[in-house]
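Asker: Have a look at this one.
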Amino acid sequence: MTISSPRPLLTIVLAAGKGMRMKSDVPKVMHRVAGRTLLGHVLALAATAGTSASAVVVGPDMPAVRTEVTHLAPAAVVFEQTQQRGTADAVLAARQGLQGHSGDVLVMFADTPLITADTVRRLVRALDQGAEVAVLGFHAKDATGYGRLVTDGLLAAGVANLLAIREHKDATPAERQIDFCNSGVMAFRTPNLLSLLDQIGTNNASGEYYLTDVIAIMRGQGRRAVAVAGVEEEMLGVNTRAHLAVAEGVFQRRARVHAMAEGATLIDPDTVWFAFDTRVGRDVVIEPNVFFGPGVSIGDRAIIRAHSHLTGASVEAGAEVGPFARLRPGARIGEGAKIGNFVEVKNAVFERGAKANHLAYIGDAHVGSKANIGAGTIFCNYDGFFKHRTEVGAGAFIGSNASLVAPVRIGEGAFIASGSVITKNVDADSLALARAVQENRPGWAAKFRALMSSRKNKR
Ligand code: UD1
Ligand code: MG
C-alpha cells in the first residue's frame, strides 16, 4: 500500500445527539468512561490520529458540552446543530468548516470512545487506493441497532467494496442477517462533499437525515466506496447505560493489561479500576479493590494496599498507601512515606519517610520528612468559611488523638502530647501539652461504689 504525502485532515466530531436512551439530564457525550467524558475520549483520539483541524457539532442548550470542547480542544471550532435531525444534518451544521477546507475529512461520533489512533490512520490510508470514502466497520456478535454494511467482496485483506449502508430500522430481514456493521467513522477524499450531503433526504423509518445514505448516493455516481474492518471491541457506540458499562469494562481490561505490561503486579487485576490517565511505575504492587480517579501517578516500587481510593494524587517511589486509605486531590506522598489504614489526605504534601499509619485526617498541610502523625490525629483545616494550612516540621512527633487547629505551625522535631488541641505555633524541639492536667484521687472509686450501692439498697 502506498502512503500518500500528508494532506490536511479536517475531523468533524458529532456530539449533538441528546441520547434519549440514556434517560439522563446530562447530554450523552458527557457521560464518562474511566473518568473522562465520551467526548473527551474522541477529542483525544482526533488529536493523535493526524488531524490538522477539528470541528465539533454540539446541540443547543448544551453549555457543558461547549465547555468540555473549549477545555480539551481549544483550537476546535464549535458548530451548533439547532435540531437533532440526524447524523447527516449534524455534519452539515459544520458547513462553514467544510467550505473553508480542502483535503480529507474524517467524521467521528462522540459516543464511540474506544477506537484507537492506529485504526483511524489505517482507515485514512485506505483512501490511497482511489476510494472517495472509507467506512470503518466491524463484525458484530450482536448487530442489533447498528447500520449494516452492504458489500460485494473483498478488495484486499480487511478491505471490502462497499455498496450501501442500511440502518437497522430500515433493513430487510435478509439485510439484518449481515453482521458487518458501521462504526460511524468515515473518511472522505472527495470533491464537493457538501453537495453530496445536501442530496440526503429523510425517506426512512426514523424520518432523519442519515449520514450513512451518502454511500448509496456516491455509488450511484460511480464513485468508489470501501469498508475497512476493525475489531469489534473498539467500535462500541454508547447509546444506553448498559453500553456505557460495557465500554468501561473494555477500557479497564486494556488499562490492566497495560499496567502489567509496564511492570506492575496486580494481585487481582479485575478489581483494580484505573482512570484514563493513571500512571503506574515499575515494580509497583497493587492489591485487590483499589480505585484510581483521574490525575494519579504511582512511582516505582510503591505499594497500594487493598481497598484504597486515590484521586488527583501522586505517590512517589517506594511509598506505601493503605489498606483503606483515601488520597484526594493535591495529596503528594513522598518517597518511602507511609499512609496507613483509615487515613485521608487532601491537598497535603508528605515529605520523604513521613508516616501517618492509622485513622487520621490530613488536609491543607505540609508534613516534613520523617514526621510521625499518631493515630486519631485531625488537622482542623476548616472553620466553616475558610480553609487554613498546617505545617509540621521534619521529624516532629504528633501524639495520638491530637487536633491541630489551623493555621498552625509545628516546628522541626517538636513533640505534641497525645490528646492535645493545638491552637498556637510550637517551636522546634519543644513539647506542647494542651489538655487538662490529670488528677488522681486514691480510694475514690471504692468509696463511690459503697455510697451508691447503699442508696440503691434503701429503695
Ligand atoms: C449510528 C449510525 C449507524 C452506526 C452507529 C454506530 C447513522 C444514521 N447511524 O447510529 O449506522 O452503526 O451509529 O455507533 O449515522 N448526532 C448528532 N446529531 C443528530 C444525531 C446524532 O450530533 O442529529 C450524534 C450523536 O451525538 C452521536 C452520533 O451522532 O454521537 C451518532 O448518533 P446516534 O443517535 O448514537 O446514532 P446510532 O443510532 O448509534
Ligand atoms: Mg450511537
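Every chain in the C-alpha cells has a letter given in the order shown (A, B, ...), and although residue numbers restart at 1 in each chain, ligands are simply numbered from 1 in the order shown.
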May I have the residues within 6 Å of ligand 2, computed using only C-alpha atoms and all ligand atoms, as a CSV table (one decimal) with N, CA, C and O atoms, in the first residue's frame?

Answerer:
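Contents of the output file part.csv:
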chain,number,residue,atom,x,y,z
A,111,ASP,N,-19.9,9.3,20.6
A,111,ASP,CA,-20.4,8.3,21.5
A,111,ASP,C,-19.6,7.0,21.3
A,111,ASP,O,-20.0,5.9,21.8
A,237,GLY,N,-20.6,1.7,20.2
A,237,GLY,CA,-21.2,3.0,20.3
A,237,GLY,C,-22.1,3.1,21.5
A,237,GLY,O,-23.0,2.2,21.6
A,238,VAL,N,-22.0,4.0,22.3
A,238,VAL,CA,-22.7,4.1,23.6
A,238,VAL,C,-24.1,4.7,23.4
A,238,VAL,O,-24.1,5.9,23.1
A,239,ASN,N,-25.1,3.9,23.4
A,239,ASN,CA,-26.5,4.5,23.3
A,239,ASN,C,-27.3,4.3,24.6
A,239,ASN,O,-28.3,5.0,24.8

Asker: Residues at most 8 Å from ligand 1, using only C-alpha atoms and all ligand atoms? Could they come as a ChimeraX atom specification?

Answerer: /A:13-19,28-29,57-59,81,83-91,108-112,145-148,165-168,181-184,208-213,235-239

Asker: Take the residues from that selection and put them in a file with C-alpha atoms, as an mmCIF file, in the first residue's frame.

Answerer:
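Listed below is the output, again11.cif:
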data_model
loop_
_atom_site.group_PDB
_atom_site.id
_atom_site.type_symbol
_atom_site.label_atom_id
_atom_site.label_comp_id
_atom_site.auth_asym_id
_atom_site.auth_seq_id
_atom_site.Cartn_x
_atom_site.Cartn_y
_atom_site.Cartn_z
ATOM 1 C CA VAL A 13 -16.895 15.154 15.776
ATOM 2 C CA LEU A 14 -20.670 14.774 16.102
ATOM 3 C CA ALA A 15 -21.767 15.410 19.669
ATOM 4 C CA ALA A 16 -25.215 16.957 19.330
ATOM 5 C CA GLY A 17 -27.439 13.941 19.886
ATOM 6 C CA LYS A 18 -29.347 14.013 23.178
ATOM 7 C CA GLY A 19 -29.073 10.272 23.628
ATOM 8 C CA LYS A 28 -24.995 11.539 26.303
ATOM 9 C CA VAL A 29 -21.459 12.501 25.288
ATOM 10 C CA VAL A 57 -21.013 19.779 16.377
ATOM 11 C CA VAL A 58 -22.985 20.371 19.572
ATOM 12 C CA GLY A 59 -26.669 20.741 20.343
ATOM 13 C CA GLN A 81 -26.967 21.875 15.199
ATOM 14 C CA GLN A 83 -32.439 20.489 15.824
ATOM 15 C CA GLN A 84 -31.277 16.881 16.080
ATOM 16 C CA ARG A 85 -32.408 15.756 12.649
ATOM 17 C CA GLY A 86 -29.846 13.034 12.106
ATOM 18 C CA THR A 87 -26.156 12.467 11.530
ATOM 19 C CA ALA A 88 -26.058 13.971 8.002
ATOM 20 C CA ASP A 89 -27.776 17.103 9.254
ATOM 21 C CA ALA A 90 -25.188 17.232 12.044
ATOM 22 C CA VAL A 91 -22.278 17.156 9.580
ATOM 23 C CA MET A 108 -16.380 10.596 14.079
ATOM 24 C CA PHE A 109 -19.183 10.094 16.572
ATOM 25 C CA ALA A 110 -18.600 11.344 20.094
ATOM 26 C CA ASP A 111 -20.358 8.290 21.532
ATOM 27 C CA THR A 112 -17.687 5.844 20.372
ATOM 28 C CA GLY A 145 -29.150 -1.281 16.289
ATOM 29 C CA TYR A 146 -26.115 -0.805 14.068
ATOM 30 C CA GLY A 147 -26.150 0.219 10.406
ATOM 31 C CA ARG A 148 -25.272 -2.782 8.201
ATOM 32 C CA ILE A 165 -25.236 1.217 4.485
ATOM 33 C CA ARG A 166 -28.632 0.123 5.690
ATOM 34 C CA GLU A 167 -29.791 1.319 9.106
ATOM 35 C CA HIS A 168 -31.158 -1.397 11.380
ATOM 36 C CA CYS A 181 -21.589 -3.055 10.891
ATOM 37 C CA ASN A 182 -20.872 0.641 10.617
ATOM 38 C CA SER A 183 -18.765 2.066 13.471
ATOM 39 C CA GLY A 184 -19.713 5.597 12.451
ATOM 40 C CA GLU A 208 -33.913 11.526 9.898
ATOM 41 C CA TYR A 209 -31.098 12.664 7.626
ATOM 42 C CA TYR A 210 -28.812 9.634 7.732
ATOM 43 C CA LEU A 211 -25.144 10.274 7.022
ATOM 44 C CA THR A 212 -24.946 6.634 6.041
ATOM 45 C CA ASP A 213 -27.084 7.348 2.940
ATOM 46 C CA MET A 235 -16.294 0.102 17.876
ATOM 47 C CA LEU A 236 -18.870 0.054 20.618
ATOM 48 C CA GLY A 237 -21.223 3.044 20.259
ATOM 49 C CA VAL A 238 -22.717 4.054 23.595
ATOM 50 C CA ASN A 239 -26.481 4.502 23.330
#

Asker: Check the DSSP output for the backbone and give back, as a list in words, the residues of range 218-408 of chain A in alpha helix (DSSP H).

Answerer: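 Listing alpha helix (DSSP H) positions across range 218-408 of chain A yields Met218, Arg219, Gly220, Glu232, Glu233, Glu234, Met235, Arg241, Ala242, His243, Leu244, Ala245, Val246, Ala247, Glu248, Gly249, Val250, Phe251, Gln252, Arg253, Arg254, Ala255, Arg256, Val257, His258, Ala259, Met260 and Ala261 of chain A.
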
Asker: Between A:Val78, A:Ala46, A:Leu123, A:Leu92, which has the minimum distance to Ile200 in chain A (counting only C-alpha atoms)?

Answerer: A:Leu92

Asker: Interatomic distance between CA of Leu197 in chain A and CA of Val150 in chain A?

Answerer: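 CA of Val150 in chain A lies 19.6 Å from CA of Leu197 in chain A.
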
Asker: With only C-alpha atoms as the basis for distance, which of A:Gly374, A:Pro63, A:Gly230, A:Pro442 is at the shortest distance from Leu359 in chain A?

Answerer: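 Once distances to Leu359 in chain A are computed over only C-alpha atoms, the minimum belongs to A:Gly374.
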
Asker: Neighbouring residues of Arg253 in chain A were defined as those with any atom within 12 Å, considering only C-alpha atoms; residues of the same chain fewer than 2 positions away were excluded. Please report them as a ChimeraX atom specification.

Answerer: /A:34,114,233,246-251,255-260,268-276

Asker: Using N, CA and C atoms, can you export the residues from the last selection as a compact mmCIF listing (two decimals), in the first residue's frame?

Answerer:
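Output saved as result_4.txt:
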# COMPACT_ATOMS: atom_id res chain seq x y z
N ALA A 34 -13.91 5.67 32.51
CA ALA A 34 -12.62 5.83 33.19
C ALA A 34 -12.37 7.30 33.56
N LEU A 114 -13.78 4.06 22.22
CA LEU A 114 -12.71 3.07 22.37
C LEU A 114 -11.84 2.89 21.14
N GLU A 233 -14.32 -4.82 19.54
CA GLU A 233 -14.14 -4.23 20.86
C GLU A 233 -13.96 -2.70 20.81
N VAL A 246 -20.34 -1.56 29.41
CA VAL A 246 -19.50 -2.45 28.59
C VAL A 246 -18.24 -1.69 28.16
N ALA A 247 -18.42 -0.41 27.75
CA ALA A 247 -17.26 0.39 27.33
C ALA A 247 -16.28 0.54 28.49
N GLU A 248 -16.81 0.77 29.68
CA GLU A 248 -15.94 0.90 30.86
C GLU A 248 -15.14 -0.40 31.04
N GLY A 249 -15.82 -1.52 30.90
CA GLY A 249 -15.15 -2.82 31.07
C GLY A 249 -14.02 -3.01 30.07
N VAL A 250 -14.26 -2.63 28.83
CA VAL A 250 -13.21 -2.78 27.81
C VAL A 250 -12.03 -1.88 28.17
N PHE A 251 -12.33 -0.64 28.54
CA PHE A 251 -11.25 0.29 28.89
C PHE A 251 -10.43 -0.27 30.05
N ALA A 255 -6.47 -1.16 30.37
CA ALA A 255 -5.61 -0.44 31.32
C ALA A 255 -4.88 -1.43 32.23
N ARG A 256 -5.56 -2.51 32.61
CA ARG A 256 -4.93 -3.50 33.49
C ARG A 256 -3.80 -4.21 32.76
N VAL A 257 -4.08 -4.59 31.52
CA VAL A 257 -3.06 -5.28 30.72
C VAL A 257 -1.86 -4.35 30.54
N HIS A 258 -2.13 -3.07 30.28
CA HIS A 258 -1.06 -2.09 30.07
C HIS A 258 -0.21 -1.94 31.34
N ALA A 259 -0.87 -1.80 32.51
CA ALA A 259 -0.12 -1.61 33.76
C ALA A 259 0.79 -2.81 34.02
N MET A 260 0.28 -4.01 33.75
CA MET A 260 1.08 -5.21 33.99
C MET A 260 2.22 -5.29 32.98
N ASP A 268 -5.13 -9.00 41.89
CA ASP A 268 -6.40 -9.41 41.28
C ASP A 268 -6.82 -8.32 40.29
N PRO A 269 -6.30 -8.39 39.05
CA PRO A 269 -6.48 -7.28 38.10
C PRO A 269 -7.92 -6.84 37.93
N ASP A 270 -8.85 -7.79 37.97
CA ASP A 270 -10.25 -7.44 37.70
C ASP A 270 -10.85 -6.50 38.73
N THR A 271 -10.18 -6.32 39.86
CA THR A 271 -10.76 -5.48 40.92
C THR A 271 -10.03 -4.15 41.05
N VAL A 272 -9.11 -3.87 40.12
CA VAL A 272 -8.40 -2.59 40.15
C VAL A 272 -8.98 -1.71 39.07
N TRP A 273 -9.38 -0.49 39.42
CA TRP A 273 -10.07 0.41 38.50
C TRP A 273 -9.22 1.63 38.21
N PHE A 274 -8.83 1.76 36.94
CA PHE A 274 -7.95 2.85 36.55
C PHE A 274 -8.74 4.01 35.94
N ALA A 275 -8.15 5.21 35.98
CA ALA A 275 -8.70 6.33 35.23
C ALA A 275 -7.97 6.39 33.89
N PHE A 276 -8.47 7.22 32.99
CA PHE A 276 -7.89 7.31 31.65
C PHE A 276 -6.42 7.73 31.69

Asker: Just how far from CA of Ala331 in chain A is CA of Arg409 in chain A, in Å to one decimal?

Answerer: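 These two atoms are separated by 18.9 Å.
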
Asker: Identify, on the basis of only C-alpha atoms, every residue whose closest approach to Gly299 in chain A does not exceed 6 Å; exclude the query and any residue fewer than 2 positions from it along the same chain; express the result as a PyMOL selection string.

Answerer: chain A and resi 281+302+315-317

Asker: Let's have the selection written as a PDB file, in the first residue's frame, with N, CA, C and O atoms.

Answerer:
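Printed below is part.pdb as written:
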ATOM      1  N   GLY A 281       4.249   3.032  37.821  1.00  0.00           N
ATOM      2  CA  GLY A 281       5.659   2.728  37.556  1.00  0.00           C
ATOM      3  C   GLY A 281       5.965   1.236  37.586  1.00  0.00           C
ATOM      4  O   GLY A 281       5.071   0.388  37.614  1.00  0.00           O
ATOM      5  N   ALA A 302       6.249   1.447  44.653  1.00  0.00           N
ATOM      6  CA  ALA A 302       5.236   1.799  45.659  1.00  0.00           C
ATOM      7  C   ALA A 302       4.272   0.633  45.840  1.00  0.00           C
ATOM      8  O   ALA A 302       4.143  -0.219  44.951  1.00  0.00           O
ATOM      9  N   VAL A 315       1.983   9.381  44.317  1.00  0.00           N
ATOM     10  CA  VAL A 315       2.610   8.513  45.311  1.00  0.00           C
ATOM     11  C   VAL A 315       4.005   8.249  44.776  1.00  0.00           C
ATOM     12  O   VAL A 315       4.164   7.693  43.690  1.00  0.00           O
ATOM     13  N   GLU A 316       5.014   8.672  45.519  1.00  0.00           N
ATOM     14  CA  GLU A 316       6.360   8.574  44.966  1.00  0.00           C
ATOM     15  C   GLU A 316       7.016   7.236  45.288  1.00  0.00           C
ATOM     16  O   GLU A 316       6.451   6.413  46.007  1.00  0.00           O
ATOM     17  N   ALA A 317       8.216   7.064  44.726  1.00  0.00           N
ATOM     18  CA  ALA A 317       8.866   5.753  44.752  1.00  0.00           C
ATOM     19  C   ALA A 317       8.891   5.146  46.148  1.00  0.00           C
ATOM     20  O   ALA A 317       9.218   5.809  47.130  1.00  0.00           O
TER      21      ALA A 317
END

Asker: If you run DSSP on this backbone, which residues of range 263-451 of chain A come out as strand (DSSP E), and could you give them as a PyMOL selection string?

Answerer: chain A and resi 265-266+272-273+279-280+285-286+290-292+297-298+303-304+309-310+314-315+320-321+326-327+332-333+338-350+355-367+372-373+378-380+390-392+397-398+403-405+408-410+415-416+421-422+431-432

Asker: Go through A:Phe379, A:Arg441, A:Val56, A:Asp364 one by one, measure the shortest atom-to-atom distance of each to Ile422 in chain A using only C-alpha atoms, and give the residue with the smallest value.

Answerer: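 Of all the options, A:Phe379 lies closest to Ile422 in chain A.
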
Asker: Could you give me, as number ranges by chain, the residues within 10 Å of Arg36 in chain A, counting only C-alpha atoms and dropping anything in the same chain fewer than 2 positions from it?

Answerer: A: 30-34, 38-41, 113, 275-277, 293-294

Asker: Have a look at A:Arg328, A:Leu194, A:Thr67, A:Phe415 and name the one nearest to Ala93 in chain A; count only C-alpha atoms.

Answerer: A:Leu194

Asker: How many Å separate CA of Thr119 in chain A from CA of Val42 in chain A?

Answerer: 13.0 Å
